[in-house]
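Raw upload-v3.pdb, PDB, C-alpha atoms:
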ATOM      1  CA  MET A 936       0.000   0.000   0.000  1.00  0.00           C
ATOM      2  CA  PRO A 937       1.244   3.495  -0.742  1.00  0.00           C
ATOM      3  CA  LYS A 938       1.933   5.796   2.221  1.00  0.00           C
ATOM      4  CA  THR A 939      -0.805   8.273   1.301  1.00  0.00           C
ATOM      5  CA  ILE A 940      -3.548   5.662   1.634  1.00  0.00           C
ATOM      6  CA  LYS A 941      -2.155   4.433   4.964  1.00  0.00           C
ATOM      7  CA  ARG A 942      -2.272   7.955   6.452  1.00  0.00           C
ATOM      8  CA  PHE A 943      -5.791   8.495   5.161  1.00  0.00           C
ATOM      9  CA  VAL A 944      -7.044   5.295   6.833  1.00  0.00           C
ATOM     10  CA  SER A 945      -5.401   6.138  10.171  1.00  0.00           C
ATOM     11  CA  LYS A 946      -6.953   9.623  10.183  1.00  0.00           C
ATOM     12  CA  ASN A 947     -10.413   8.182   9.583  1.00  0.00           C
ATOM     13  CA  THR A 948     -10.095   5.642  12.375  1.00  0.00           C
ATOM     14  CA  LYS A 949      -8.953   8.365  14.769  1.00  0.00           C
ATOM     15  CA  ARG A 950     -11.954  10.513  13.927  1.00  0.00           C
ATOM     16  CA  PHE A 951     -14.309   7.598  14.286  1.00  0.00           C
ATOM     17  CA  VAL A 952     -12.903   6.675  17.708  1.00  0.00           C
ATOM     18  CA  SER A 953     -13.098  10.248  19.002  1.00  0.00           C
ATOM     19  CA  ARG A 954     -16.755  10.477  18.018  1.00  0.00           C
ATOM     20  CA  ARG A 955     -17.575   7.241  19.817  1.00  0.00           C
ATOM     21  CA  THR A 956     -15.883   8.215  23.070  1.00  0.00           C
ATOM     22  CA  THR A 957     -17.762  11.502  23.484  1.00  0.00           C
ATOM     23  CA  ARG A 958     -21.074  10.682  25.139  1.00  0.00           C
ATOM     24  CA  ILE A 959     -23.973  12.920  26.026  1.00  0.00           C
ATOM     25  CA  PRO A 960     -24.294  12.753  29.812  1.00  0.00           C
ATOM     26  CA  ARG A 961     -27.576  11.213  30.930  1.00  0.00           C
ATOM     27  CA  ARG A 962     -29.626  13.083  33.491  1.00  0.00           C
ATOM     28  CA  THR A 963     -29.892  11.135  36.726  1.00  0.00           C
ATOM     29  CA  LYS A 964     -33.277  10.630  38.334  1.00  0.00           C
ATOM     30  CA  HIS A 965     -34.003  13.050  41.130  1.00  0.00           C
ATOM     31  CA  ARG A 966     -34.567  10.590  43.998  1.00  0.00           C
ATOM     32  CA  ILE A 967     -35.982  12.091  47.171  1.00  0.00           C
ATOM     33  CA  MET A 968     -37.244  10.323  50.268  1.00  0.00           C
ATOM     34  CA  LYS A 969     -38.414  13.468  52.063  1.00  0.00           C
ATOM     35  CA  GLY A 970     -40.035  16.381  50.288  1.00  0.00           C
ATOM     36  CA  VAL A 971     -42.227  19.434  50.658  1.00  0.00           C
ATOM     37  CA  ILE A 972     -45.682  19.664  49.071  1.00  0.00           C
ATOM     38  CA  TYR A 973     -46.866  23.206  48.330  1.00  0.00           C
ATOM     39  CA  VAL A 974     -50.586  23.752  47.692  1.00  0.00           C
ATOM     40  CA  ARG A 975     -51.403  27.176  46.206  1.00  0.00           C
ATOM     41  CA  ALA A 976     -55.179  27.559  46.226  1.00  0.00           C
ATOM     42  CA  SER A 977     -56.355  30.727  44.502  1.00  0.00           C
ATOM     43  CA  PHE A 978     -59.931  31.606  43.581  1.00  0.00           C
ATOM     44  CA  ARG A 979     -59.379  30.527  39.972  1.00  0.00           C
ATOM     45  CA  ASN A 980     -56.979  27.568  40.153  1.00  0.00           C
ATOM     46  CA  THR A 981     -55.149  25.181  42.502  1.00  0.00           C
ATOM     47  CA  ILE A 982     -51.465  24.413  41.918  1.00  0.00           C
ATOM     48  CA  VAL A 983     -49.722  21.533  43.728  1.00  0.00           C
ATOM     49  CA  THR A 984     -45.902  21.470  43.628  1.00  0.00           C
ATOM     50  CA  VAL A 985     -43.591  18.852  45.155  1.00  0.00           C
ATOM     51  CA  THR A 986     -40.014  19.916  45.941  1.00  0.00           C
ATOM     52  CA  ASP A 987     -37.060  18.371  47.704  1.00  0.00           C
ATOM     53  CA  THR A 988     -35.806  19.762  51.024  1.00  0.00           C
ATOM     54  CA  GLN A 989     -33.609  22.335  49.222  1.00  0.00           C
ATOM     55  CA  GLY A 990     -36.616  23.710  47.339  1.00  0.00           C
ATOM     56  CA  GLN A 991     -35.924  22.366  43.840  1.00  0.00           C
ATOM     57  CA  ALA A 992     -39.157  21.363  42.121  1.00  0.00           C
ATOM     58  CA  VAL A 993     -39.494  17.658  41.373  1.00  0.00           C
ATOM     59  CA  SER A 994     -43.053  17.503  40.064  1.00  0.00           C
ATOM     60  CA  TRP A 995     -46.135  19.699  39.816  1.00  0.00           C
ATOM     61  CA  SER A 996     -49.726  19.646  38.702  1.00  0.00           C
ATOM     62  CA  SER A 997     -52.643  22.039  38.578  1.00  0.00           C
ATOM     63  CA  ALA A 998     -56.368  21.894  38.040  1.00  0.00           C
ATOM     64  CA  GLY A 999     -55.927  23.528  34.635  1.00  0.00           C
ATOM     65  CA  ALA A1000     -53.243  21.021  33.615  1.00  0.00           C
ATOM     66  CA  CYS A1001     -55.587  18.157  34.548  1.00  0.00           C
ATOM     67  CA  GLY A1002     -58.054  19.301  31.892  1.00  0.00           C
ATOM     68  CA  PHE A1003     -60.460  21.476  33.858  1.00  0.00           C
ATOM     69  CA  LYS A1004     -61.360  24.740  32.142  1.00  0.00           C
ATOM     70  CA  GLY A1005     -63.364  27.797  33.140  1.00  0.00           C
ATOM     71  CA  THR A1006     -65.284  27.752  36.412  1.00  0.00           C
ATOM     72  CA  LYS A1007     -64.724  24.007  36.884  1.00  0.00           C
ATOM     73  CA  ARG A1008     -61.039  24.757  37.426  1.00  0.00           C
ATOM     74  CA  ARG A1009     -61.788  26.450  40.762  1.00  0.00           C
ATOM     75  CA  SER A1010     -63.841  23.517  42.101  1.00  0.00           C
ATOM     76  CA  PRO A1011     -62.701  21.327  45.005  1.00  0.00           C
ATOM     77  CA  PHE A1012     -62.886  18.234  42.791  1.00  0.00           C
ATOM     78  CA  ALA A1013     -60.368  19.778  40.376  1.00  0.00           C
ATOM     79  CA  ALA A1014     -57.998  20.474  43.297  1.00  0.00           C
ATOM     80  CA  GLN A1015     -58.362  16.877  44.487  1.00  0.00           C
ATOM     81  CA  THR A1016     -57.570  15.583  40.998  1.00  0.00           C
ATOM     82  CA  ALA A1017     -54.481  17.800  40.770  1.00  0.00           C
ATOM     83  CA  ALA A1018     -53.171  16.565  44.144  1.00  0.00           C
ATOM     84  CA  GLU A1019     -53.828  12.906  43.261  1.00  0.00           C
ATOM     85  CA  ASN A1020     -52.167  13.379  39.874  1.00  0.00           C
ATOM     86  CA  VAL A1021     -48.894  14.766  41.244  1.00  0.00           C
ATOM     87  CA  LEU A1022     -48.714  12.228  44.087  1.00  0.00           C
ATOM     88  CA  PHE A1023     -49.505   9.266  41.851  1.00  0.00           C
ATOM     89  CA  THR A1024     -46.623  10.103  39.515  1.00  0.00           C
ATOM     90  CA  LEU A1025     -44.154  10.282  42.426  1.00  0.00           C
ATOM     91  CA  THR A1026     -45.325   7.326  44.521  1.00  0.00           C
ATOM     92  CA  ASP A1027     -45.612   5.172  41.405  1.00  0.00           C
ATOM     93  CA  GLN A1028     -41.890   5.662  40.794  1.00  0.00           C
ATOM     94  CA  GLY A1029     -41.118   5.222  44.509  1.00  0.00           C
ATOM     95  CA  LEU A1030     -39.635   8.704  44.835  1.00  0.00           C
ATOM     96  CA  LEU A1031     -41.557  10.158  47.778  1.00  0.00           C
ATOM     97  CA  LYS A1032     -42.045   8.531  51.189  1.00  0.00           C
ATOM     98  CA  GLN A1033     -42.352  11.393  53.689  1.00  0.00           C
ATOM     99  CA  ALA A1034     -43.475  14.983  53.181  1.00  0.00           C
ATOM    100  CA  GLU A1035     -44.377  18.284  54.784  1.00  0.00           C
ATOM    101  CA  VAL A1036     -47.407  20.176  53.486  1.00  0.00           C
ATOM    102  CA  LEU A1037     -47.491  23.977  53.143  1.00  0.00           C
ATOM    103  CA  ILE A1038     -50.846  25.461  52.106  1.00  0.00           C
ATOM    104  CA  SER A1039     -51.328  29.031  50.942  1.00  0.00           C
ATOM    105  CA  GLY A1040     -54.260  30.928  49.499  1.00  0.00           C
ATOM    106  CA  PRO A1041     -57.964  31.306  50.238  1.00  0.00           C
ATOM    107  CA  GLY A1042     -59.328  29.146  47.391  1.00  0.00           C
ATOM    108  CA  PRO A1043     -62.073  26.528  47.631  1.00  0.00           C
ATOM    109  CA  GLY A1044     -59.735  23.634  46.794  1.00  0.00           C
ATOM    110  CA  ARG A1045     -57.348  23.866  49.745  1.00  0.00           C
ATOM    111  CA  ASP A1046     -59.127  21.431  52.119  1.00  0.00           C
ATOM    112  CA  THR A1047     -59.896  18.899  49.410  1.00  0.00           C
ATOM    113  CA  ALA A1048     -56.299  18.904  48.183  1.00  0.00           C
ATOM    114  CA  LEU A1049     -55.107  18.308  51.750  1.00  0.00           C
ATOM    115  CA  ARG A1050     -57.539  15.400  52.158  1.00  0.00           C
ATOM    116  CA  ALA A1051     -56.270  13.843  48.914  1.00  0.00           C
ATOM    117  CA  ILE A1052     -52.658  14.173  50.132  1.00  0.00           C
ATOM    118  CA  ALA A1053     -53.533  12.655  53.524  1.00  0.00           C
ATOM    119  CA  GLN A1054     -55.249   9.648  51.903  1.00  0.00           C
ATOM    120  CA  SER A1055     -52.214   8.850  49.760  1.00  0.00           C
ATOM    121  CA  SER A1056     -49.373   6.568  50.853  1.00  0.00           C
ATOM    122  CA  VAL A1057     -47.125   9.537  51.739  1.00  0.00           C
ATOM    123  CA  LEU A1058     -46.361  10.012  55.454  1.00  0.00           C
ATOM    124  CA  LEU A1059     -47.018  13.596  56.550  1.00  0.00           C
ATOM    125  CA  SER A1060     -44.703  15.097  59.169  1.00  0.00           C
ATOM    126  CA  TYR A1061     -46.613  18.375  59.535  1.00  0.00           C
ATOM    127  CA  VAL A1062     -49.147  20.625  57.826  1.00  0.00           C
ATOM    128  CA  ARG A1063     -48.808  24.402  57.933  1.00  0.00           C
ATOM    129  CA  ASP A1064     -50.849  27.288  56.565  1.00  0.00           C
ATOM    130  CA  ILE A1065     -48.536  29.915  55.046  1.00  0.00           C
ATOM    131  CA  THR A1066     -51.185  32.265  53.662  1.00  0.00           C
ATOM    132  CA  PRO A1067     -49.793  35.808  53.838  1.00  0.00           C
ATOM    133  CA  MET A1068     -51.812  37.906  56.291  1.00  0.00           C
ATOM    134  CA  PRO A1069     -51.450  41.700  56.375  1.00  0.00           C
ATOM    135  CA  HIS A1070     -50.426  43.257  59.716  1.00  0.00           C
ATOM    136  CA  ASN A1071     -52.545  46.398  59.331  1.00  0.00           C
ATOM    137  CA  GLY A1072     -51.922  46.360  55.548  1.00  0.00           C
ATOM    138  CA  CYS A1073     -51.901  49.219  53.070  1.00  0.00           C
ATOM    139  CA  ARG A1074     -53.390  52.630  53.654  1.00  0.00           C
ATOM    140  CA  PRO A1075     -57.034  52.701  52.485  1.00  0.00           C
ATOM    141  CA  PRO A1076     -58.128  55.137  49.788  1.00  0.00           C
ATOM    142  CA  LYS A1077     -59.505  58.499  50.862  1.00  0.00           C
ATOM    143  CA  LYS A1078     -63.203  58.781  51.704  1.00  0.00           C
ATOM    144  CA  ARG A1079     -65.539  59.448  48.806  1.00  0.00           C
ATOM    145  CA  ARG A1080     -67.227  62.870  48.847  1.00  0.00           C
ATOM    146  CA  VAL A1081     -70.527  63.140  47.061  1.00  0.00           C
TER     147      VAL A1081
END
Translate the structure described by the file into structure tokens.
Amino acid sequence: MPKTIKRFVSKNTKRFVSRRTTRIPRRTKHRIMKGVIYVRASFRNTIVTVTDTQGQAVSWSSAGACGFKGTKRRSPFAAQTAAENVLFTLTDQGLLKQAEVLISGPGPGRDTALRAIAQSSVLLSYVRDITPMPHNGCRPPKKRRV
């Protein structure tokens, strides 16, 4: 074989090997045994988010994401479905065993979402209401003169 062909073959094999060795790193599963479940119940929607202890979101669901639209989205049944949906995805994979629940907002779905979380296989360490309450609040507008 002439030298030119030999060099050409060696260059190709080098390129081929370098392409094979570079791998795209796979994302590892976010395994958590203890987490925090946030329930945000507004008058229009209920959002349930599960995070790890550092606060990084692992999974979430909402009444709107479960297929409820319009006024049905604010119903307690929609909040229950959202809570069951997010917990089913995590407990099915065996990711969540123990959790703390933090509820905020005045919406109609807050109690139903809590009941759905309590009925699941997740052990609850504590439940806390973190709805922001004003301490005297903003200054009211001036009185109306007619």
Inset, instruction - Apply the PyMOL selection byres ((chain A and resi 976-986) around 7) to the displayed file and report the matching residues as number ranges by chain. - result: A: 970-975, 987-988, 990-999, 1008-1009, 1014, 1017-1018, 1039-1045
Legend entry - Nearest residue to A:Ser1055 from the set A:Ile1038, A:Leu1022, A:Cys1001, A:Met1068 (distances using all atoms listed in the file):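 That would be A:Leu1022, the residue with the smallest distance to A:Ser1055.
Shortest atom-to-atom contact with A:Ala1034 among A:Val1081, A:Ala1013, A:Ile967, A:Cys1073: A:Ile967, counting all atoms listed in the file.
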Inset, instruction - May I ask for the distance between atom CA of A:Pro1069 and atom CA of A:Pro1011, given in Å to one decimal place? - result: 25.9 Å
Inset, instruction - Report the residues retrieved by the PyMOL selection byres ((chain A and resi 1060) around 12) from the displayed file, expressed as a list in words. - result: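 This file, filtered by the PyMOL selection byres ((chain A and resi 1060) around 12), leaves Lys969, Gly970, Val971, Ile972, Lys1032, Gln1033, Ala1034, Glu1035, Val1036, Leu1037, Ala1053, Val1057, Leu1058, Leu1059, Tyr1061, Val1062 and Arg1063 of chain A.
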File dump, residues just selected, C-alpha atoms, as a PDB file, in the frame of the given file:
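Heads up, here's the output in again-v5.pdb:
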ATOM      1  CA  LYS A 969     -38.414  13.468  52.063  1.00  0.00           C
ATOM      2  CA  GLY A 970     -40.035  16.381  50.288  1.00  0.00           C
ATOM      3  CA  VAL A 971     -42.227  19.434  50.658  1.00  0.00           C
ATOM      4  CA  ILE A 972     -45.682  19.664  49.071  1.00  0.00           C
ATOM      5  CA  LYS A1032     -42.045   8.531  51.189  1.00  0.00           C
ATOM      6  CA  GLN A1033     -42.352  11.393  53.689  1.00  0.00           C
ATOM      7  CA  ALA A1034     -43.475  14.983  53.181  1.00  0.00           C
ATOM      8  CA  GLU A1035     -44.377  18.284  54.784  1.00  0.00           C
ATOM      9  CA  VAL A1036     -47.407  20.176  53.486  1.00  0.00           C
ATOM     10  CA  LEU A1037     -47.491  23.977  53.143  1.00  0.00           C
ATOM     11  CA  ALA A1053     -53.533  12.655  53.524  1.00  0.00           C
ATOM     12  CA  VAL A1057     -47.125   9.537  51.739  1.00  0.00           C
ATOM     13  CA  LEU A1058     -46.361  10.012  55.454  1.00  0.00           C
ATOM     14  CA  LEU A1059     -47.018  13.596  56.550  1.00  0.00           C
ATOM     15  CA  TYR A1061     -46.613  18.375  59.535  1.00  0.00           C
ATOM     16  CA  VAL A1062     -49.147  20.625  57.826  1.00  0.00           C
ATOM     17  CA  ARG A1063     -48.808  24.402  57.933  1.00  0.00           C
TER      18      ARG A1063
END
Inset, instruction - Show which residues sit within 12 Å of A:Ser1056, as a VMD selection string. Count only C-alpha atoms, and ignore same-chain residues fewer than 4 positions away. - result: chain A and resid 1019 1022 to 1023 1025 to 1027 1029 to 1034 1051 to 1052
Inset, instruction - Go ahead and compute the interatomic distance for atom CA of A:His1070 and atom CA of A:Ala1048, in Å to one decimal. - result: 27.6 Å
Inset, instruction - State, in Å with one decimal place, the distance from atom CA of A:Phe1003 to atom CA of A:Asn1020. - result: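 Those two atoms sit 13.1 Å apart.
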Using the file's own x, y and z axes, so that the box edges lie along x, y and z, what centre and edge lengths in Å (one decimal) does a box around every listed atom of stretch 1075-1081 of chain A get when 3 Å is added on each side? Give it as AutoDock Vina command-line options.
--center_x -63.8 --center_y 57.9 --center_z 49.8 --size_x 19.5 --size_y 16.4 --size_z 11.4
May I ask you to restore all heavy atoms in stretch 1062-1073 of chain A and write the result as a short mmCIF file (atom, residue, chain, number, x, y, z; two decimals), in the frame of the given file?
data_model
loop_
_atom_site.label_atom_id
_atom_site.label_comp_id
_atom_site.auth_asym_id
_atom_site.auth_seq_id
_atom_site.Cartn_x
_atom_site.Cartn_y
_atom_site.Cartn_z
N VAL A 1062 -48.37 19.82 58.77
CA VAL A 1062 -49.15 20.62 57.83
C VAL A 1062 -49.17 22.05 58.35
O VAL A 1062 -49.46 22.27 59.53
CB VAL A 1062 -50.59 20.09 57.69
CG1 VAL A 1062 -51.39 20.94 56.74
CG2 VAL A 1062 -50.58 18.64 57.24
N ARG A 1063 -48.86 23.01 57.50
CA ARG A 1063 -48.81 24.40 57.93
C ARG A 1063 -49.50 25.29 56.90
O ARG A 1063 -49.37 25.08 55.70
CB ARG A 1063 -47.35 24.84 58.10
CG ARG A 1063 -47.22 26.29 58.55
CD ARG A 1063 -45.79 26.69 58.70
NE ARG A 1063 -45.26 26.09 59.92
CZ ARG A 1063 -43.98 26.16 60.26
NH1 ARG A 1063 -43.11 26.75 59.49
NH2 ARG A 1063 -43.58 25.62 61.39
N ASP A 1064 -50.21 26.30 57.43
CA ASP A 1064 -50.85 27.29 56.56
C ASP A 1064 -49.92 28.49 56.45
O ASP A 1064 -49.60 29.12 57.46
CB ASP A 1064 -52.20 27.70 57.17
CG ASP A 1064 -52.97 28.62 56.24
OD1 ASP A 1064 -52.56 28.78 55.08
OD2 ASP A 1064 -53.99 29.17 56.69
N ILE A 1065 -49.47 28.81 55.24
CA ILE A 1065 -48.54 29.92 55.05
C ILE A 1065 -49.17 31.04 54.23
O ILE A 1065 -48.49 31.76 53.53
CB ILE A 1065 -47.23 29.44 54.38
CG1 ILE A 1065 -47.51 28.72 53.06
CG2 ILE A 1065 -46.42 28.57 55.31
CD1 ILE A 1065 -46.27 28.50 52.22
N THR A 1066 -50.49 31.18 54.35
CA THR A 1066 -51.18 32.26 53.66
C THR A 1066 -50.71 33.61 54.20
O THR A 1066 -50.72 33.81 55.42
CB THR A 1066 -52.71 32.14 53.86
OG1 THR A 1066 -53.11 30.84 53.45
CG2 THR A 1066 -53.46 33.17 53.05
N PRO A 1067 -50.27 34.51 53.34
CA PRO A 1067 -49.79 35.81 53.84
C PRO A 1067 -50.95 36.64 54.41
O PRO A 1067 -51.97 36.83 53.75
CB PRO A 1067 -49.18 36.48 52.61
CG PRO A 1067 -49.78 35.78 51.45
CD PRO A 1067 -50.13 34.40 51.89
N MET A 1068 -50.79 37.09 55.64
CA MET A 1068 -51.81 37.91 56.29
C MET A 1068 -51.24 39.30 56.53
O MET A 1068 -50.14 39.42 57.08
CB MET A 1068 -52.22 37.30 57.63
CG MET A 1068 -52.90 35.95 57.50
SD MET A 1068 -54.47 36.02 56.68
CE MET A 1068 -55.48 36.71 57.97
N PRO A 1069 -51.97 40.36 56.17
CA PRO A 1069 -51.45 41.70 56.38
C PRO A 1069 -51.51 42.11 57.85
O PRO A 1069 -52.51 41.87 58.52
CB PRO A 1069 -52.37 42.58 55.53
CG PRO A 1069 -53.64 41.81 55.44
CD PRO A 1069 -53.25 40.37 55.47
N HIS A 1070 -50.44 42.70 58.37
CA HIS A 1070 -50.43 43.26 59.72
C HIS A 1070 -50.74 44.74 59.58
O HIS A 1070 -49.84 45.56 59.50
CB HIS A 1070 -49.07 43.03 60.38
CG HIS A 1070 -48.75 41.59 60.57
ND1 HIS A 1070 -49.16 40.87 61.66
CD2 HIS A 1070 -48.07 40.70 59.79
CE1 HIS A 1070 -48.74 39.62 61.56
NE2 HIS A 1070 -48.07 39.50 60.43
N ASN A 1071 -52.00 45.07 59.53
CA ASN A 1071 -52.54 46.40 59.33
C ASN A 1071 -52.61 46.77 57.85
O ASN A 1071 -53.42 47.58 57.46
CB ASN A 1071 -51.78 47.47 60.12
CG ASN A 1071 -52.62 48.67 60.41
OD1 ASN A 1071 -53.82 48.64 60.20
ND2 ASN A 1071 -52.02 49.74 60.90
N GLY A 1072 -51.78 46.23 56.99
CA GLY A 1072 -51.92 46.36 55.55
C GLY A 1072 -51.65 47.74 55.00
O GLY A 1072 -51.04 48.60 55.63
N CYS A 1073 -52.12 47.97 53.78
CA CYS A 1073 -51.90 49.22 53.07
C CYS A 1073 -52.87 50.30 53.58
O CYS A 1073 -53.89 50.00 54.18
CB CYS A 1073 -52.13 49.03 51.57
SG CYS A 1073 -51.03 47.82 50.84
#
